[in-house]
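Participant: Right, I'll just put the structure down here and ask away after.
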Amino acid sequence: MGLLTNLRDSITRVTDRLFADDEPKRIGIYGPPNAGKTTLANRIARDWTGDAVGPESHIPHETRRARRKENVEIERNGKTVTIDIVDTPGVTTKVDYKEFLDHDMEKDDAVKRSREATEGVAEAMHWLREDVDGVIYVLDSSTDPFTQVNTMLIGIIESQDLPVLIFANKVDLDDADVKRIADAFPQHETVPLSALEGDNMDEVYEKIAEYFG
Amino acid sequence: MPEATAPDDGDGVRIDLISGARMEGLTSMEKIRLILDSVRDGDIVVLEAGLSPEEESKLIEVTMTEISPDDFSGIEIETYPSTQQPNQGLVGRLLGKEEAAKKLTVIGPANQIETLHKDEDLISALVSRK
């Protein structure tokens, strides 16, 4: 990329943020499939608006379209922070319809789901490059965080100069290991939580207000 | 890879090791096309200098558009985990210092390459035939 293009892009990003302070920040919820992104989005939306964002499922790629919940007002320490939550499809580099056959799905449904999933991942990447102001990166605390998708996505987020919080989700599981996630991405703050059980949501909202307010 | 010829690769797996110098002269889409064309043929691509974050983002996006049932299920890609670099700031990015962060990258068809182990300085992968 040339010097002038870099300069133009950097100035555009800075000015966009300087003059967009009155608009709610669009906060993208990103992460691999089945990390609990929609469960978290629903928890936040229900806590502050009373509505859910979308259906949750243990079957990967339940979320196949980015969904935005607008004007979520979060009150912390006497201040109100207004954000738009964007729940995104789980990012991956591969989608094989045969994986869905293990979940009692007929082939036609599995093929349709995989096609929609690929469209959803492409859409999520587009949102990340163009349309979010900050990122909540959700990881399942009971799984290995040293995956290529995580490494690449954190690198992409950092290259966009977006503020990012790492949420170590599913701490209610017996084999959850928050330290492993904190050690994997020491350059970013890691917040432990269980979106399903509602554990540690006070700290979650404090950090959202601090990072994205 | 247009220049190379493979007399008979029926019993083996072809590996293309692409130098940083060769990739340097290509646009982002040319790099992505080069990678995906090879991977869709069942080849393994090793990039000496890797891709930029934006190129990786586009590679994921284009890969998703090419996945089709019983034909192509996507890619497996591995690089070493990123080392912790101090925030380079505006000046650093303008001077292109982020280029120094590029790393050796292995890319192959998702149904033929499986990562066995990965840490800060070792990637171990199992490659199977088509």
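Chains: A, B, ... in order of the structure tokens. Residues: from 1 per chain. Ligands: from 1, in order shown.
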Can you tell me which residues surround segment 116-118 of chain B at a distance of at most 10 Å, considering only C-alpha atoms, apart from same-chain residues fewer than 4 positions away, and format the answer as a PyMOL selection string?

Facilitator: (chain A and resi 146-148) or (chain B and resi 78-81+122-126)

Participant: Restrict the selected residues to N, CA and C atoms and save them as an mmCIF file, in the first residue's frame.

Facilitator:
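And here's selection.cif as it stands now:
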data_model
loop_
_atom_site.group_PDB
_atom_site.id
_atom_site.type_symbol
_atom_site.label_atom_id
_atom_site.label_comp_id
_atom_site.auth_asym_id
_atom_site.auth_seq_id
_atom_site.Cartn_x
_atom_site.Cartn_y
_atom_site.Cartn_z
ATOM 1 N N PHE A 146 -5.200 -20.880 20.926
ATOM 2 C CA PHE A 146 -4.116 -20.719 19.946
ATOM 3 C C PHE A 146 -4.524 -21.299 18.593
ATOM 4 N N THR A 147 -5.587 -20.791 18.013
ATOM 5 C CA THR A 147 -5.994 -21.262 16.700
ATOM 6 C C THR A 147 -5.662 -20.198 15.659
ATOM 7 N N GLN A 148 -5.584 -20.643 14.419
ATOM 8 C CA GLN A 148 -5.218 -19.713 13.359
ATOM 9 C C GLN A 148 -6.282 -18.631 13.175
ATOM 10 N N GLU B 78 -1.999 -21.778 8.369
ATOM 11 C CA GLU B 78 -1.249 -21.695 9.618
ATOM 12 C C GLU B 78 -0.097 -20.717 9.486
ATOM 13 N N THR B 79 0.019 -19.850 10.480
ATOM 14 C CA THR B 79 1.228 -19.031 10.635
ATOM 15 C C THR B 79 1.633 -19.150 12.091
ATOM 16 N N TYR B 80 2.830 -18.720 12.405
ATOM 17 C CA TYR B 80 3.201 -18.693 13.814
ATOM 18 C C TYR B 80 2.362 -17.628 14.514
ATOM 19 N N PRO B 81 2.060 -17.839 15.815
ATOM 20 C CA PRO B 81 1.319 -16.803 16.536
ATOM 21 C C PRO B 81 2.086 -15.491 16.475
ATOM 22 N N LEU B 122 6.994 -23.531 16.130
ATOM 23 C CA LEU B 122 6.878 -24.799 15.411
ATOM 24 C C LEU B 122 5.446 -25.001 14.914
ATOM 25 N N ILE B 123 5.339 -25.363 13.626
ATOM 26 C CA ILE B 123 4.046 -25.788 13.076
ATOM 27 C C ILE B 123 4.246 -27.203 12.557
ATOM 28 N N SER B 124 3.468 -28.148 13.052
ATOM 29 C CA SER B 124 3.563 -29.526 12.598
ATOM 30 C C SER B 124 2.220 -29.891 11.971
ATOM 31 N N ALA B 125 2.256 -30.339 10.717
ATOM 32 C CA ALA B 125 0.999 -30.602 10.015
ATOM 33 C C ALA B 125 1.049 -31.949 9.307
ATOM 34 N N LEU B 126 -0.091 -32.578 9.204
ATOM 35 C CA LEU B 126 -0.216 -33.830 8.475
ATOM 36 C C LEU B 126 -0.898 -33.533 7.144
#

Participant: What are the residues of chain B that have an atom within 6 Å of an atom of chain A, counting only C-alpha atoms, as a count of residues only?

Facilitator: 9

Participant: Would you please give, as a PyMOL selection string, all residues of segment 7-207 of chain A that DSSP assigns to helix (DSSP H, G or I) based on the backbone?

Facilitator: chain A and resi 7-18+37-48+98-101+107-130+148-159+178-184+201-207

Participant: Using backbone DSSP assignments, extract all strand (DSSP E) residues from segment 12-165 of chain A; output them as a CSV table (one decimal) with N, CA and C atoms, in the first residue's frame.

Facilitator:
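Saved the output as result_17.csv:
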chain,number,residue,atom,x,y,z
A,25,LYS,N,-21.7,4.0,19.2
A,25,LYS,CA,-20.6,3.2,18.6
A,25,LYS,C,-21.1,1.8,18.2
A,26,ARG,N,-20.8,1.3,17.0
A,26,ARG,CA,-21.2,0.0,16.6
A,26,ARG,C,-20.1,-1.0,17.1
A,27,ILE,N,-20.5,-1.8,18.0
A,27,ILE,CA,-19.5,-2.8,18.6
A,27,ILE,C,-19.8,-4.2,18.1
A,28,GLY,N,-18.9,-4.7,17.3
A,28,GLY,CA,-19.0,-6.0,16.8
A,28,GLY,C,-18.7,-7.1,17.7
A,29,ILE,N,-19.5,-8.1,17.9
A,29,ILE,CA,-19.2,-9.3,18.7
A,29,ILE,C,-18.7,-10.4,17.7
A,30,TYR,N,-17.4,-10.6,17.9
A,30,TYR,CA,-16.7,-11.6,17.0
A,30,TYR,C,-16.1,-12.7,17.7
A,67,ARG,N,-26.5,-9.4,12.9
A,67,ARG,CA,-27.7,-8.8,13.4
A,67,ARG,C,-27.3,-7.6,14.3
A,68,ARG,N,-28.0,-6.5,14.1
A,68,ARG,CA,-27.6,-5.3,14.9
A,68,ARG,C,-28.8,-4.9,15.8
A,69,LYS,N,-28.4,-4.7,17.1
A,69,LYS,CA,-29.4,-4.2,18.1
A,69,LYS,C,-29.0,-2.8,18.4
A,70,GLU,N,-29.9,-1.9,18.0
A,70,GLU,CA,-29.5,-0.4,18.1
A,70,GLU,C,-29.8,0.2,19.4
A,71,ASN,N,-29.0,1.2,19.8
A,71,ASN,CA,-29.3,2.1,20.9
A,71,ASN,C,-29.5,1.3,22.2
A,72,VAL,N,-28.5,0.5,22.5
A,72,VAL,CA,-28.4,-0.2,23.8
A,72,VAL,C,-27.8,0.7,24.8
A,73,GLU,N,-28.6,1.2,25.8
A,73,GLU,CA,-28.0,2.1,26.8
A,73,GLU,C,-27.6,1.4,28.0
A,74,ILE,N,-26.3,1.5,28.3
A,74,ILE,CA,-25.7,0.8,29.4
A,74,ILE,C,-25.3,1.8,30.5
A,75,GLU,N,-25.9,1.7,31.7
A,75,GLU,CA,-25.6,2.7,32.7
A,75,GLU,C,-24.5,2.1,33.7
A,76,ARG,N,-23.4,2.8,33.8
A,76,ARG,CA,-22.3,2.5,34.7
A,76,ARG,C,-21.8,3.7,35.4
A,79,LYS,N,-23.0,7.2,34.6
A,79,LYS,CA,-22.9,7.6,33.2
A,79,LYS,C,-23.7,6.6,32.3
A,80,THR,N,-24.2,7.1,31.2
A,80,THR,CA,-24.9,6.2,30.3
A,80,THR,C,-24.1,6.1,29.0
A,81,VAL,N,-23.8,4.9,28.6
A,81,VAL,CA,-23.1,4.7,27.3
A,81,VAL,C,-24.1,4.0,26.3
A,82,THR,N,-24.2,4.6,25.2
A,82,THR,CA,-25.1,4.0,24.2
A,82,THR,C,-24.3,3.4,23.0
A,83,ILE,N,-24.6,2.1,22.8
A,83,ILE,CA,-23.9,1.4,21.7
A,83,ILE,C,-24.9,0.6,20.9
A,84,ASP,N,-24.5,0.3,19.6
A,84,ASP,CA,-25.2,-0.6,18.8
A,84,ASP,C,-24.4,-2.0,18.9
A,85,ILE,N,-25.1,-3.0,19.2
A,85,ILE,CA,-24.5,-4.3,19.3
A,85,ILE,C,-24.6,-5.0,17.9
A,86,VAL,N,-23.5,-5.5,17.4
A,86,VAL,CA,-23.6,-6.2,16.1
A,86,VAL,C,-23.2,-7.7,16.4
A,87,ASP,N,-24.1,-8.6,16.4
A,87,ASP,CA,-23.8,-10.0,16.6
A,87,ASP,C,-23.5,-10.6,15.2
A,134,GLY,N,-15.6,-0.9,17.3
A,134,GLY,CA,-14.9,-1.6,18.4
A,134,GLY,C,-15.3,-3.0,18.3
A,135,VAL,N,-14.5,-3.9,19.0
A,135,VAL,CA,-14.8,-5.3,18.9
A,135,VAL,C,-14.8,-5.9,20.3
A,136,ILE,N,-15.8,-6.8,20.6
A,136,ILE,CA,-15.7,-7.7,21.7
A,136,ILE,C,-15.4,-9.0,21.1
A,137,TYR,N,-14.3,-9.6,21.5
A,137,TYR,CA,-13.8,-10.9,20.9
A,137,TYR,C,-14.1,-12.0,21.9
A,138,VAL,N,-15.1,-12.9,21.5
A,138,VAL,CA,-15.6,-13.9,22.5
A,138,VAL,C,-14.9,-15.2,22.2
A,139,LEU,N,-14.4,-15.8,23.3
A,139,LEU,CA,-13.7,-17.1,23.2
A,139,LEU,C,-14.3,-18.1,24.2
A,140,ASP,N,-14.4,-19.3,23.9
A,140,ASP,CA,-14.8,-20.4,24.8
A,140,ASP,C,-13.6,-20.7,25.7
A,164,VAL,N,-10.4,-3.3,21.4
A,164,VAL,CA,-10.9,-4.6,21.5
A,164,VAL,C,-10.8,-5.1,22.9
A,165,LEU,N,-11.9,-5.8,23.3
A,165,LEU,CA,-11.9,-6.5,24.6
A,165,LEU,C,-12.0,-8.0,24.4

Participant: What is the atom CA of Lys179 of chain A-atom CA of Met201 of chain A distance in Å, reported with one decimal?

Facilitator: 18.5 Å

Participant: So that I can see what lies close to Met23 of chain B, please list as a list in words the residues with an atom at most 10 Å from it, counting only C-alpha atoms and leaving out residues fewer than 2 positions away in the same chain.

Facilitator: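 The residues that qualify are Ile18, Ser19, Gly20, Ala21, Gly25, Leu26, Thr27, Ser28, Glu30, Lys31, Leu34, Leu47, Glu48, Ala49, Gly50 and Leu51 of chain B.
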
Participant: Export N, CA and C atoms of the chosen residues as a short mmCIF file (atom, residue, chain, number, x, y, z; two decimals), in the first residue's frame?

Facilitator:
data_model
loop_
_atom_site.label_atom_id
_atom_site.label_comp_id
_atom_site.auth_asym_id
_atom_site.auth_seq_id
_atom_site.Cartn_x
_atom_site.Cartn_y
_atom_site.Cartn_z
N ILE B 18 6.67 -20.18 -2.14
CA ILE B 18 6.65 -18.91 -2.89
C ILE B 18 7.43 -17.85 -2.11
N SER B 19 8.41 -17.29 -2.76
CA SER B 19 9.28 -16.32 -2.08
C SER B 19 8.54 -15.01 -1.83
N GLY B 20 9.05 -14.29 -0.85
CA GLY B 20 8.50 -12.97 -0.57
C GLY B 20 8.67 -12.05 -1.76
N ALA B 21 9.81 -12.19 -2.48
CA ALA B 21 10.07 -11.32 -3.63
C ALA B 21 9.02 -11.53 -4.72
N GLY B 25 5.46 -8.27 -5.86
CA GLY B 25 5.02 -7.56 -7.06
C GLY B 25 3.56 -7.77 -7.41
N LEU B 26 2.84 -8.52 -6.61
CA LEU B 26 1.44 -8.83 -6.93
C LEU B 26 0.48 -7.95 -6.14
N THR B 27 -0.68 -7.70 -6.72
CA THR B 27 -1.73 -7.01 -5.96
C THR B 27 -2.37 -8.00 -4.99
N SER B 28 -3.17 -7.48 -4.07
CA SER B 28 -3.81 -8.35 -3.07
C SER B 28 -4.64 -9.45 -3.74
N GLU B 30 -4.38 -10.61 -6.77
CA GLU B 30 -3.51 -11.56 -7.49
C GLU B 30 -2.91 -12.59 -6.53
N LYS B 31 -2.53 -12.12 -5.34
CA LYS B 31 -2.00 -13.05 -4.33
C LYS B 31 -3.07 -14.07 -3.93
N LEU B 34 -3.73 -16.52 -6.72
CA LEU B 34 -2.61 -17.46 -6.83
C LEU B 34 -2.74 -18.56 -5.78
N LEU B 47 4.11 -19.66 1.92
CA LEU B 47 4.51 -18.29 1.62
C LEU B 47 5.64 -17.88 2.55
N GLU B 48 6.73 -17.45 1.94
CA GLU B 48 7.87 -17.04 2.77
C GLU B 48 7.51 -15.85 3.65
N ALA B 49 6.74 -14.91 3.11
CA ALA B 49 6.50 -13.66 3.84
C ALA B 49 5.05 -13.48 4.27
N GLY B 50 4.20 -14.45 4.04
CA GLY B 50 2.83 -14.35 4.53
C GLY B 50 2.02 -13.26 3.86
N LEU B 51 0.90 -12.95 4.47
CA LEU B 51 -0.01 -11.93 3.95
C LEU B 51 -0.21 -10.85 5.00
#

Participant: Just give me the gap between atom CA of Lys207 of chain A and atom CA of Val191 of chain A in Å, one decimal is fine.

Facilitator: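 Result for atom CA of Lys207 of chain A versus atom CA of Val191 of chain A: 8.2 Å, one decimal.
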
Participant: Find the residues around segment 194-197 of chain A up to 10 Å (only C-alpha atoms counted), leave out those fewer than 2 positions away in its own chain, and share them as a VMD selection string.

Facilitator: chain A and resid 36 to 44 140 to 141 167 to 173 192 199 to 201 204

Participant: Could you give me, as a ChimeraX atom specification, the residues within 10 Å of Leu36 of chain B, counting only C-alpha atoms and dropping anything in the same chain fewer than 5 positions from it?

Facilitator: /B:30-31,41-43,45,59,62-63,66,74-75,107-109

Participant: Those same residues, written as a short mmCIF file (atom, residue, chain, number, x, y, z; two decimals), in the first residue's frame with N, CA and C atoms?

Facilitator:
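Once written, again_34.cif looks like this:
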data_model
loop_
_atom_site.label_atom_id
_atom_site.label_comp_id
_atom_site.auth_asym_id
_atom_site.auth_seq_id
_atom_site.Cartn_x
_atom_site.Cartn_y
_atom_site.Cartn_z
N GLU B 30 -4.38 -10.61 -6.77
CA GLU B 30 -3.51 -11.56 -7.49
C GLU B 30 -2.91 -12.59 -6.53
N LYS B 31 -2.53 -12.12 -5.34
CA LYS B 31 -2.00 -13.05 -4.33
C LYS B 31 -3.07 -14.07 -3.93
N ASP B 41 -6.52 -26.90 -6.50
CA ASP B 41 -5.97 -28.04 -7.25
C ASP B 41 -5.41 -29.11 -6.31
N GLY B 42 -5.52 -28.88 -5.01
CA GLY B 42 -5.03 -29.86 -4.05
C GLY B 42 -3.58 -29.64 -3.65
N ASP B 43 -3.02 -28.49 -4.00
CA ASP B 43 -1.62 -28.23 -3.67
C ASP B 43 -1.50 -27.53 -2.31
N VAL B 45 0.53 -24.55 -0.35
CA VAL B 45 1.27 -23.32 -0.65
C VAL B 45 1.98 -22.86 0.61
N LEU B 59 -8.77 -12.96 2.01
CA LEU B 59 -8.61 -14.38 1.68
C LEU B 59 -9.76 -15.19 2.31
N VAL B 62 -12.99 -14.35 0.25
CA VAL B 62 -13.05 -14.97 -1.08
C VAL B 62 -13.18 -16.49 -0.95
N THR B 63 -12.47 -17.06 0.03
CA THR B 63 -12.58 -18.51 0.25
C THR B 63 -14.03 -18.90 0.49
N GLU B 66 -16.14 -19.33 -2.50
CA GLU B 66 -15.79 -20.43 -3.42
C GLU B 66 -16.13 -21.82 -2.87
N GLY B 74 -13.01 -25.38 1.76
CA GLY B 74 -12.29 -24.26 2.38
C GLY B 74 -10.82 -24.56 2.55
N ILE B 75 -10.16 -23.72 3.34
CA ILE B 75 -8.70 -23.84 3.48
C ILE B 75 -8.30 -24.06 4.93
N ILE B 107 -0.63 -22.85 3.61
CA ILE B 107 -2.06 -22.88 3.26
C ILE B 107 -2.33 -24.13 2.42
N GLY B 108 -3.40 -24.84 2.73
CA GLY B 108 -3.75 -26.02 1.96
C GLY B 108 -5.24 -26.27 2.00
N PRO B 109 -5.70 -27.24 1.23
CA PRO B 109 -7.14 -27.57 1.25
C PRO B 109 -7.53 -28.11 2.63
#

Participant: Atom CA of Gln112 of chain B and atom CA of Ser128 of chain B, how far apart in Å?

Facilitator: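 If I compute the distance from atom CA of Ser128 of chain B to atom CA of Gln112 of chain B, I get 5.0 Å.
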